[in-house]
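Reading through the structure tokens given below for one structure.
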Amino acid sequence: MTVPMTDIPSPPRPPQKGLVTWIWQNFFGSLGNSVLTLVILWILYKAITGAFTWAVLDATLAPATIRECIDAGGACWAFIQDKWRLILFGTYPFDQQWRPALALVLFLLLVIATCIPASWKTQERKRWMFGLWLVGILLIGVLMSGGLGLPHVEIRFWSGLPLTVLLAVVGMAACFLASILLALGRRSSMPAIRWICIVYIEVIRGVPLISLLFMANIMLPLLLPADVTIPNIVRAQVAFIMFFAAYMAETVRGGLQAVPDGQYAAAKAMGMGYWQSMIYIILPQALRITIPSMVNLFIAGFKDTSLVIVISMLDLLGTANAAKADPEWLGLFIEAYVFIAAIYLAVCASMSWYSRRIERRISMRQQH
Amino acid sequence: MMTTHRPPIIALRNVNKWYGNLHVLRDVNLEVSEGEKIVLCGPSGSGKSTAVFTINGLEAYQGGEVSVGGTVVSERDGTAHDLRRHVGMVFQQYNLFPHLSILENCCIGPMKILKVSRAEAEARAMEELARVQIADQALKYPEMLSGGQQQRVAICRALCMRPRVMLFDEPTSALDPEMVGEVLDVMSELSERGMTMIVVTHEMGFTKRVADRVVMMEQGSIIENLPPEQFFDRDLANPRVEAFLNQIMHA
Ligand SMILES: Nc1ncnc2c1ncn2[C@@H]1O[C@H](COP(=O)(O)OP(=O)(O)OP(=O)(O)O)[C@@H](O)[C@H]1O
Ligand SMILES: [Mg+2]
């Protein structure tokens, strides 16, 4: 309390530097620095002008044939214009493709509504959101598979973007729950449960996803009775969930460890049982801490859905491959990959943008 | 209270506890009747927190018996869990739930454990918060409050469960000196309302004002259990008490 406070003269403030000075010092401070800057500038210039020439200046739009495209020398967007429905919806019956399109739009609207914090402000709105999701999922199910007057479309025809989204969303939702249970199990005071969880997590993390997919595809049918057939999509989904749950469990465990012991004690002292204290006190705090790494895993998971191609399912990457096999456009593939890369990029960038936003929201709330 | 002999609301009988080889509670005997205020003191590491934590089952014990309201506290048969809702606990580090607003901190117990309606729980919480002059901060989050305010909220949070007994483990020792008074005032006021309290503290002014009995622990045993007049009486004093008092006066 009585520490003497000597008056330390504050150092003179550095004069405000102009933008030009700042650039000069940071990019051209030394000879090496200057060379590096110039080289990078030159590469950037080449890459950007090259890409622009390819994608815009020399590009060919429909109507055009592959011959005209090749002569123009740039991107053949006519190919995408011809094939975009195949890439997006794959083998879904052509005249019914408005259904997956509508399902995707519906799903996107649901996600947007869920992401707006105001949707969760009151108890009543929470109930509404829950109802909306139920109705939404039912509608999407009907749209995709048929019923209510819509002709039935078998699951094996679902492909392209809807398949990728389905695998990713159902997979991530299930993973999230499974990973929480695994993480809690790994910290359980019951040795049997703890050891089962530890072994599971360590074994699965040590195996590549692709081998799990093969196993689910080839070994699962061998283990099951002959008359039981599980659709491809379910097998892939299970492999996915098993794999990412093990990773995510470690992330969740890190979050659980970061919650101070006092929180456990306070919840317990109040009379909360194990599940109550987890649900109301510990997990909300632990999961908040894990948002950045969780989103990281979601992004990885979304992209890794493309591995289902190895068990001959047509996800977005699979349909892009199918599109390039069309004899009419034989030899073109970059355009198709650019097209789906843009879709992947848009989804992943939105996820990481949104996660930064909630992180900011949380830290802002705690400062006021 | 003098006329009828009422059973004690809290009774520790020959309680023993070990951490590995460390004997932290040695034959602890303590009876507290309804409405009594006990101050528990003693040097650091003497087992005060451990003793208090056995009362609401936060710490298990290996020998003897702890009972609250006539029920033996045991983790195994779930009695500890049921008893905790009747035993309020205030921690040194407040331990408020940082992800919940002040109001929600006070409501979550009544709503989730006592199954009280939200409206009723909020009314209860606002009443308790008003009593400690924090009602206007009800929608803020714990980090936005000073230590003294947080500790007062922690007391409210415990009181919202309508406990029969309140336990305090060094409620003011993490506070800046200027905030100690406001928390002690809340505790004094609570004692005037007849709450049964066990307080671990070294605030001797508070002890003289509020305590019915002062219990001193040393190395896991209770070495003194006296009304404050006798405890602080220099003529009667046990040399170990004297030494301890001198030590905390000069700390
Ligand atoms: N979890 C634990 N594991 C092992 N030993 C422990 C544990 N908790 C406490 N102890 C030991 O038990 C003894 C009693 O601890 P306790 O916290 O009850 O003391 P205290 O009187 O409350 O001390 P303080 O005034 O420092 O809070 C101490 O020697 C302490 O080191
Ligand atoms: Mg202590």
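Numbering starts fresh at 1 for the residues of each chain in the structure tokens, the chains themselves are lettered A, B, ... in the order given, and ligands are numbered from 1 as they appear.
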
(message) Please extract the residues of range 6-194 of chain A with a backbone DSSP assignment of strand (DSSP E or B) and present them as a list in words.
(response)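 Assigned to strand (DSSP E or B), within range 6-194 of chain A: Thr60, Cys76, Gly147, Leu150 and Gly160 of chain A.
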
(request) For Ile155 in chain B, work out the shell of residues within 10 Å, counting only C-alpha atoms and skipping chain neighbours fewer than 2 positions away, then give it as a PyMOL selection string. (result) chain B and resi 88-91+94+106+128-129+132+149-153+157-160+166-168+171+183+186-187+190

Selected residues, N, CA and C atoms, written as a PDB file, in the first residue's frame, please.
```
ATOM      1  N   GLY B  88     -25.730 -23.180   2.484  1.00  0.00           N
ATOM      2  CA  GLY B  88     -25.152 -22.189   1.567  1.00  0.00           C
ATOM      3  C   GLY B  88     -23.660 -22.100   1.787  1.00  0.00           C
ATOM      4  N   MET B  89     -22.935 -21.804   0.691  1.00  0.00           N
ATOM      5  CA  MET B  89     -21.480 -21.761   0.831  1.00  0.00           C
ATOM      6  C   MET B  89     -20.950 -20.512   0.135  1.00  0.00           C
ATOM      7  N   VAL B  90     -20.077 -19.802   0.831  1.00  0.00           N
ATOM      8  CA  VAL B  90     -19.445 -18.624   0.234  1.00  0.00           C
ATOM      9  C   VAL B  90     -17.939 -18.855   0.244  1.00  0.00           C
ATOM     10  N   PHE B  91     -17.328 -18.695  -0.930  1.00  0.00           N
ATOM     11  CA  PHE B  91     -15.912 -19.025  -1.074  1.00  0.00           C
ATOM     12  C   PHE B  91     -15.034 -17.778  -1.002  1.00  0.00           C
ATOM     13  N   TYR B  94     -14.985 -15.905  -4.355  1.00  0.00           N
ATOM     14  CA  TYR B  94     -16.360 -15.634  -4.828  1.00  0.00           C
ATOM     15  C   TYR B  94     -16.927 -16.755  -5.695  1.00  0.00           C
ATOM     16  N   CYS B 106     -27.938 -15.701  -9.514  1.00  0.00           N
ATOM     17  CA  CYS B 106     -28.788 -15.902  -8.343  1.00  0.00           C
ATOM     18  C   CYS B 106     -29.994 -16.790  -8.645  1.00  0.00           C
ATOM     19  N   GLU B 128     -33.034 -10.198  -2.633  1.00  0.00           N
ATOM     20  CA  GLU B 128     -31.743 -10.391  -1.965  1.00  0.00           C
ATOM     21  C   GLU B 128     -30.724  -9.357  -2.448  1.00  0.00           C
ATOM     22  N   LEU B 129     -30.719  -9.091  -3.748  1.00  0.00           N
ATOM     23  CA  LEU B 129     -29.750  -8.135  -4.283  1.00  0.00           C
ATOM     24  C   LEU B 129     -30.026  -6.735  -3.759  1.00  0.00           C
ATOM     25  N   VAL B 132     -28.539  -6.044  -0.398  1.00  0.00           N
ATOM     26  CA  VAL B 132     -27.105  -5.753  -0.334  1.00  0.00           C
ATOM     27  C   VAL B 132     -26.718  -4.629  -1.304  1.00  0.00           C
ATOM     28  N   GLN B 149     -18.333  -6.203  -4.325  1.00  0.00           N
ATOM     29  CA  GLN B 149     -19.664  -6.424  -4.901  1.00  0.00           C
ATOM     30  C   GLN B 149     -19.856  -7.882  -5.284  1.00  0.00           C
ATOM     31  N   GLN B 150     -18.804  -8.473  -5.855  1.00  0.00           N
ATOM     32  CA  GLN B 150     -18.925  -9.875  -6.262  1.00  0.00           C
ATOM     33  C   GLN B 150     -19.170 -10.766  -5.057  1.00  0.00           C
ATOM     34  N   GLN B 151     -18.485 -10.478  -3.964  1.00  0.00           N
ATOM     35  CA  GLN B 151     -18.670 -11.328  -2.797  1.00  0.00           C
ATOM     36  C   GLN B 151     -20.074 -11.144  -2.223  1.00  0.00           C
ATOM     37  N   ARG B 152     -20.608  -9.913  -2.311  1.00  0.00           N
ATOM     38  CA  ARG B 152     -21.973  -9.716  -1.834  1.00  0.00           C
ATOM     39  C   ARG B 152     -22.949 -10.483  -2.718  1.00  0.00           C
ATOM     40  N   VAL B 153     -22.678 -10.496  -4.047  1.00  0.00           N
ATOM     41  CA  VAL B 153     -23.531 -11.290  -4.942  1.00  0.00           C
ATOM     42  C   VAL B 153     -23.434 -12.768  -4.576  1.00  0.00           C
ATOM     43  N   ARG B 157     -26.413 -15.190  -3.878  1.00  0.00           N
ATOM     44  CA  ARG B 157     -26.630 -16.419  -4.645  1.00  0.00           C
ATOM     45  C   ARG B 157     -26.909 -17.587  -3.701  1.00  0.00           C
ATOM     46  N   ALA B 158     -26.137 -17.643  -2.601  1.00  0.00           N
ATOM     47  CA  ALA B 158     -26.355 -18.723  -1.642  1.00  0.00           C
ATOM     48  C   ALA B 158     -27.693 -18.556  -0.928  1.00  0.00           C
ATOM     49  N   LEU B 159     -28.034 -17.298  -0.584  1.00  0.00           N
ATOM     50  CA  LEU B 159     -29.265 -17.075   0.173  1.00  0.00           C
ATOM     51  C   LEU B 159     -30.513 -17.356  -0.657  1.00  0.00           C
ATOM     52  N   CYS B 160     -30.405 -17.193  -1.976  1.00  0.00           N
ATOM     53  CA  CYS B 160     -31.560 -17.451  -2.840  1.00  0.00           C
ATOM     54  C   CYS B 160     -32.011 -18.900  -2.767  1.00  0.00           C
ATOM     55  N   MET B 166     -25.362 -21.243   6.737  1.00  0.00           N
ATOM     56  CA  MET B 166     -24.448 -20.611   5.784  1.00  0.00           C
ATOM     57  C   MET B 166     -23.013 -20.855   6.227  1.00  0.00           C
ATOM     58  N   LEU B 167     -22.190 -21.288   5.278  1.00  0.00           N
ATOM     59  CA  LEU B 167     -20.775 -21.504   5.554  1.00  0.00           C
ATOM     60  C   LEU B 167     -19.972 -20.451   4.797  1.00  0.00           C
ATOM     61  N   PHE B 168     -19.015 -19.848   5.456  1.00  0.00           N
ATOM     62  CA  PHE B 168     -18.161 -18.845   4.803  1.00  0.00           C
ATOM     63  C   PHE B 168     -16.712 -19.273   4.970  1.00  0.00           C
ATOM     64  N   PRO B 171     -14.278 -15.253   3.655  1.00  0.00           N
ATOM     65  CA  PRO B 171     -14.989 -14.469   2.631  1.00  0.00           C
ATOM     66  C   PRO B 171     -14.340 -13.125   2.326  1.00  0.00           C
ATOM     67  N   VAL B 183     -18.624  -6.232   3.000  1.00  0.00           N
ATOM     68  CA  VAL B 183     -19.005  -7.646   3.046  1.00  0.00           C
ATOM     69  C   VAL B 183     -19.305  -8.069   4.484  1.00  0.00           C
ATOM     70  N   VAL B 186     -22.756  -7.008   5.479  1.00  0.00           N
ATOM     71  CA  VAL B 186     -23.804  -7.905   4.980  1.00  0.00           C
ATOM     72  C   VAL B 186     -23.894  -9.143   5.864  1.00  0.00           C
ATOM     73  N   MET B 187     -22.735  -9.646   6.273  1.00  0.00           N
ATOM     74  CA  MET B 187     -22.743 -10.853   7.106  1.00  0.00           C
ATOM     75  C   MET B 187     -23.303 -10.560   8.493  1.00  0.00           C
ATOM     76  N   LEU B 190     -26.966 -10.411   8.205  1.00  0.00           N
ATOM     77  CA  LEU B 190     -27.507 -11.766   8.057  1.00  0.00           C
ATOM     78  C   LEU B 190     -27.584 -12.462   9.416  1.00  0.00           C
TER      79      LEU B 190
END
```

(request) Provide the atom 17 (O, counted along the ligand's line) of ligand 1 to CA of Ser221 in chain B distance in Å, to one decimal place. (result)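 These two atoms are separated by 13.3 Å.
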
(message) 8 Å from ligand 1 is the threshold here; counting only C-alpha atoms and all ligand atoms, which polymer residues fall inside it? Answer as a VMD selection string.
(response) chain B and resid 19 to 20 22 to 25 41 to 51 169 to 170 217 219 to 220

(request) Could you give me the residues within range 180-268 of chain A that DSSP places in helix (DSSP H, G or I), as JSON, numbers by chain? (result) {"A": [180, 181, 182, 183, 184, 185, 186, 191, 192, 193, 194, 195, 196, 197, 198, 199, 200, 201, 202, 203, 204, 205, 209, 210, 211, 212, 213, 214, 215, 216, 217, 218, 219, 220, 221, 222, 223, 232, 233, 234, 235, 236, 237, 238, 239, 240, 241, 242, 243, 244, 245, 246, 247, 248, 249, 250, 251, 252, 253, 254, 255, 256, 257, 258, 261, 262, 263, 264, 265, 266, 267, 268]}

(request) May I ask you to extract the residues of chain A within 9 Å of chain B, using only C-alpha atoms, and to give them as JSON, numbers by chain? (result) {"A": [260, 262, 263, 265, 266, 267, 268, 269, 270, 271, 272, 273, 276, 280, 281, 284, 285, 365, 366, 367, 368]}

File of the preceding selection, all heavy atoms, as a short mmCIF file (atom, residue, chain, number, x, y, z; two decimals), in the first residue's frame:
```cif
data_model
loop_
_atom_site.label_atom_id
_atom_site.label_comp_id
_atom_site.auth_asym_id
_atom_site.auth_seq_id
_atom_site.Cartn_x
_atom_site.Cartn_y
_atom_site.Cartn_z
N PRO A 260 -11.82 -23.04 -14.06
CA PRO A 260 -11.20 -23.17 -12.74
C PRO A 260 -11.96 -24.13 -11.83
O PRO A 260 -13.18 -24.27 -11.94
CB PRO A 260 -11.29 -21.75 -12.16
CG PRO A 260 -11.73 -20.87 -13.24
CD PRO A 260 -12.28 -21.69 -14.35
N GLY A 262 -12.78 -23.79 -8.88
CA GLY A 262 -13.78 -23.10 -8.07
C GLY A 262 -15.17 -23.17 -8.68
O GLY A 262 -16.17 -23.17 -7.97
N GLN A 263 -15.23 -23.23 -10.01
CA GLN A 263 -16.53 -23.31 -10.68
C GLN A 263 -17.19 -24.65 -10.40
O GLN A 263 -18.40 -24.72 -10.18
CB GLN A 263 -16.37 -23.11 -12.19
CG GLN A 263 -15.89 -21.72 -12.56
CD GLN A 263 -16.93 -20.67 -12.27
OE1 GLN A 263 -18.08 -20.80 -12.64
NE2 GLN A 263 -16.53 -19.62 -11.58
N ALA A 265 -16.61 -26.46 -7.77
CA ALA A 265 -16.95 -26.46 -6.35
C ALA A 265 -18.22 -25.65 -6.12
O ALA A 265 -19.11 -26.08 -5.37
CB ALA A 265 -15.80 -25.89 -5.53
N ALA A 266 -18.32 -24.48 -6.78
CA ALA A 266 -19.49 -23.63 -6.55
C ALA A 266 -20.75 -24.32 -7.04
O ALA A 266 -21.79 -24.27 -6.38
CB ALA A 266 -19.30 -22.29 -7.26
N ALA A 267 -20.67 -24.97 -8.20
CA ALA A 267 -21.85 -25.66 -8.73
C ALA A 267 -22.26 -26.79 -7.80
O ALA A 267 -23.44 -26.99 -7.50
CB ALA A 267 -21.57 -26.19 -10.13
N LYS A 268 -21.27 -27.51 -7.33
CA LYS A 268 -21.54 -28.64 -6.45
C LYS A 268 -22.12 -28.15 -5.12
O LYS A 268 -23.10 -28.70 -4.62
CB LYS A 268 -20.23 -29.40 -6.21
CG LYS A 268 -20.42 -30.83 -5.75
CD LYS A 268 -19.08 -31.54 -5.76
CE LYS A 268 -19.20 -32.89 -5.09
NZ LYS A 268 -17.89 -33.52 -4.88
N ALA A 269 -21.52 -27.09 -4.59
CA ALA A 269 -21.96 -26.58 -3.30
C ALA A 269 -23.41 -26.12 -3.37
O ALA A 269 -24.12 -26.11 -2.38
CB ALA A 269 -21.06 -25.43 -2.86
N MET A 270 -23.84 -25.70 -4.55
CA MET A 270 -25.20 -25.22 -4.70
C MET A 270 -26.19 -26.38 -4.69
O MET A 270 -27.38 -26.18 -4.49
CB MET A 270 -25.26 -24.49 -6.03
CG MET A 270 -26.46 -23.63 -6.22
SD MET A 270 -26.27 -22.81 -7.80
CE MET A 270 -25.91 -21.18 -7.24
N GLY A 271 -25.69 -27.57 -4.93
CA GLY A 271 -26.56 -28.74 -4.94
C GLY A 271 -26.77 -29.31 -6.32
O GLY A 271 -27.66 -30.12 -6.54
N MET A 272 -25.97 -28.85 -7.28
CA MET A 272 -26.12 -29.38 -8.63
C MET A 272 -25.46 -30.75 -8.73
O MET A 272 -24.38 -30.96 -8.18
CB MET A 272 -25.45 -28.45 -9.65
CG MET A 272 -26.22 -27.19 -9.88
SD MET A 272 -25.57 -26.31 -11.29
CE MET A 272 -26.65 -24.88 -11.29
N GLY A 273 -26.10 -31.64 -9.44
CA GLY A 273 -25.52 -32.94 -9.72
C GLY A 273 -24.53 -32.81 -10.86
O GLY A 273 -24.34 -31.73 -11.42
N GLN A 276 -26.17 -31.58 -14.22
CA GLN A 276 -26.61 -30.18 -14.10
C GLN A 276 -25.42 -29.24 -14.11
O GLN A 276 -25.42 -28.23 -14.82
CB GLN A 276 -27.39 -29.99 -12.80
CG GLN A 276 -28.83 -30.42 -12.91
CD GLN A 276 -29.57 -30.16 -11.62
OE1 GLN A 276 -29.03 -30.37 -10.53
NE2 GLN A 276 -30.80 -29.71 -11.72
N TYR A 280 -25.12 -26.53 -17.16
CA TYR A 280 -25.41 -25.12 -16.89
C TYR A 280 -24.16 -24.31 -16.58
O TYR A 280 -24.13 -23.10 -16.78
CB TYR A 280 -26.40 -24.98 -15.73
CG TYR A 280 -27.72 -25.64 -16.02
CD1 TYR A 280 -28.20 -26.67 -15.22
CD2 TYR A 280 -28.48 -25.24 -17.12
CE1 TYR A 280 -29.40 -27.29 -15.50
CE2 TYR A 280 -29.68 -25.85 -17.40
CZ TYR A 280 -30.14 -26.88 -16.59
OH TYR A 280 -31.31 -27.49 -16.89
N ILE A 281 -23.14 -24.94 -16.02
CA ILE A 281 -22.01 -24.16 -15.52
C ILE A 281 -20.72 -24.44 -16.29
O ILE A 281 -20.08 -23.53 -16.81
CB ILE A 281 -21.76 -24.45 -14.01
CG1 ILE A 281 -23.04 -24.27 -13.22
CG2 ILE A 281 -20.64 -23.57 -13.47
CD1 ILE A 281 -23.66 -22.91 -13.27
N PRO A 284 -20.83 -24.51 -20.76
CA PRO A 284 -20.94 -23.19 -21.42
C PRO A 284 -19.62 -22.41 -21.37
O PRO A 284 -19.26 -21.73 -22.32
CB PRO A 284 -22.02 -22.47 -20.62
CG PRO A 284 -22.81 -23.55 -19.99
CD PRO A 284 -21.87 -24.68 -19.74
N GLN A 285 -18.91 -22.55 -20.26
CA GLN A 285 -17.63 -21.84 -20.16
C GLN A 285 -16.55 -22.53 -20.99
O GLN A 285 -15.78 -21.88 -21.70
CB GLN A 285 -17.17 -21.78 -18.71
CG GLN A 285 -18.10 -20.99 -17.82
CD GLN A 285 -17.60 -20.91 -16.40
OE1 GLN A 285 -16.46 -20.54 -16.14
NE2 GLN A 285 -18.44 -21.27 -15.45
N ARG A 365 -18.38 -8.22 -24.35
CA ARG A 365 -19.35 -8.25 -23.27
C ARG A 365 -18.63 -8.30 -21.92
O ARG A 365 -19.07 -7.74 -20.93
CB ARG A 365 -20.25 -9.47 -23.41
CG ARG A 365 -21.55 -9.32 -22.69
CD ARG A 365 -22.21 -10.65 -22.51
NE ARG A 365 -21.39 -11.50 -21.68
CZ ARG A 365 -21.54 -12.81 -21.64
NH1 ARG A 365 -22.43 -13.39 -22.39
NH2 ARG A 365 -20.77 -13.55 -20.86
N GLN A 366 -17.48 -8.99 -21.90
CA GLN A 366 -16.81 -9.13 -20.62
C GLN A 366 -16.03 -7.90 -20.21
O GLN A 366 -15.61 -7.78 -19.08
CB GLN A 366 -15.89 -10.36 -20.67
CG GLN A 366 -16.74 -11.62 -20.70
CD GLN A 366 -15.94 -12.88 -20.81
OE1 GLN A 366 -14.79 -12.84 -21.21
NE2 GLN A 366 -16.52 -13.99 -20.47
N GLN A 367 -15.82 -6.99 -21.17
CA GLN A 367 -15.07 -5.79 -20.80
C GLN A 367 -15.94 -4.70 -20.22
O GLN A 367 -15.47 -3.83 -19.52
CB GLN A 367 -14.32 -5.25 -22.02
CG GLN A 367 -12.97 -5.93 -22.20
CD GLN A 367 -12.48 -5.83 -23.61
OE1 GLN A 367 -12.90 -4.95 -24.35
NE2 GLN A 367 -11.61 -6.72 -24.01
N HIS A 368 -17.24 -4.74 -20.54
CA HIS A 368 -18.09 -3.62 -20.11
C HIS A 368 -18.51 -3.74 -18.67
O HIS A 368 -18.71 -4.81 -18.17
CB HIS A 368 -19.32 -3.53 -21.02
CG HIS A 368 -18.96 -2.89 -22.32
ND1 HIS A 368 -18.87 -1.54 -22.47
CD2 HIS A 368 -18.62 -3.42 -23.49
CE1 HIS A 368 -18.51 -1.28 -23.70
NE2 HIS A 368 -18.34 -2.39 -24.36
#
```

(message) List as a list in words the protein and nucleic acid residues near His202 in chain B, meaning an atom at most 10 Å away when only C-alpha atoms are counted, but skip any in the same chain fewer than 2 places from it.
(response) Val39, Leu40, Cys41, Gly42, Pro43, Glu170, Thr172, Ser173, Val199, Val200, Met204, Gly205, Phe206, Thr207, Leu245, Ile248 and Met249 of chain B

(request) Point out the residue among B:Gln137, B:Asn225, B:Asn246, B:Thr201 with the least atom-to-atom distance to ligand 2, counting only C-alpha atoms and all ligand atoms. (result)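 Nearest candidate to ligand 2 out of B:Gln137, B:Asn225, B:Asn246, B:Thr201: B:Thr201.
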
(request) Might you pull out every residue within 8 Å of range 154-157 of chain A, with only C-alpha atoms counted and same-chain residues fewer than 2 positions away left off, and present them as a ChimeraX atom specification? (result) /A:90-93,145,152,159,231-233

(request) Just the residues within 8 Å of Leu209 in chain A, please, counting only C-alpha atoms, with nothing from its chain fewer than 5 positions along; format it as a ChimeraX atom specification. (result) /A:239-240,243

Could those selected residues go to a file with C-alpha atoms, as a CSV table (one decimal), in the first residue's frame?
```csv
chain,number,residue,atom,x,y,z
A,239,ALA,CA,-16.8,-43.1,-40.3
A,240,PHE,CA,-16.8,-39.4,-40.3
A,243,PHE,CA,-13.1,-39.7,-36.7
```

(request) Take CA of Arg193 in chain B and CA of Gly35 in chain B and report the distance between them in Å, one decimal. (result)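 Distance reported for this atom pair: 8.9 Å.
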
(message) With distances taken over only C-alpha atoms and all ligand atoms, which residue among B:Val52, B:Ile198, B:Ala211, B:Val180 lies nearest ligand 2?
(response)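 Counting only C-alpha atoms and all ligand atoms, the residue closest to ligand 2 is B:Val52.
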
(message) Could you list, as a PyMOL selection string, every residue within 9 Å of range 245-256 of chain A, counting only C-alpha atoms and ignoring same-chain residues fewer than 5 positions away?
(response) chain A and resi 172+174-184+186-187+200-205+240+282-283+285-290+293-294+297

(message) One number please: CA of Leu12 in chain B to CA of Asp27 in chain B, in Å, one decimal.
(response)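 Straight-line distance from CA of Leu12 in chain B to CA of Asp27 in chain B works out to 9.0 Å.
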
(message) Just want the 9 Å neighbourhood of Ala322 in chain A, counted on only C-alpha atoms, with same-chain residues fewer than 3 positions away dropped. Output as a PyMOL selection string.
(response) chain A and resi 86-87+90+314+317-319+325-326

Let's have the selection written as a JSON list (two decimals), in the first residue's frame, with C-alpha atoms.
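Printed below is again_37.json as written:
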```json
[["chain", "number", "residue", "atom", "x", "y", "z"],
["A", 86, "LEU", "CA", -24.37, -31.52, -62.93],
["A", 87, "ILE", "CA", -21.67, -30.18, -60.63],
["A", 90, "GLY", "CA", -24.95, -34.55, -59.66],
["A", 314, "LEU", "CA", -20.46, -38.24, -55.68],
["A", 317, "LEU", "CA", -15.67, -32.96, -55.83],
["A", 318, "GLY", "CA", -17.07, -36.16, -57.31],
["A", 319, "THR", "CA", -19.55, -34.31, -59.50],
["A", 325, "ALA", "CA", -15.50, -36.63, -68.11],
["A", 326, "ASP", "CA", -18.10, -35.36, -70.61]]
```
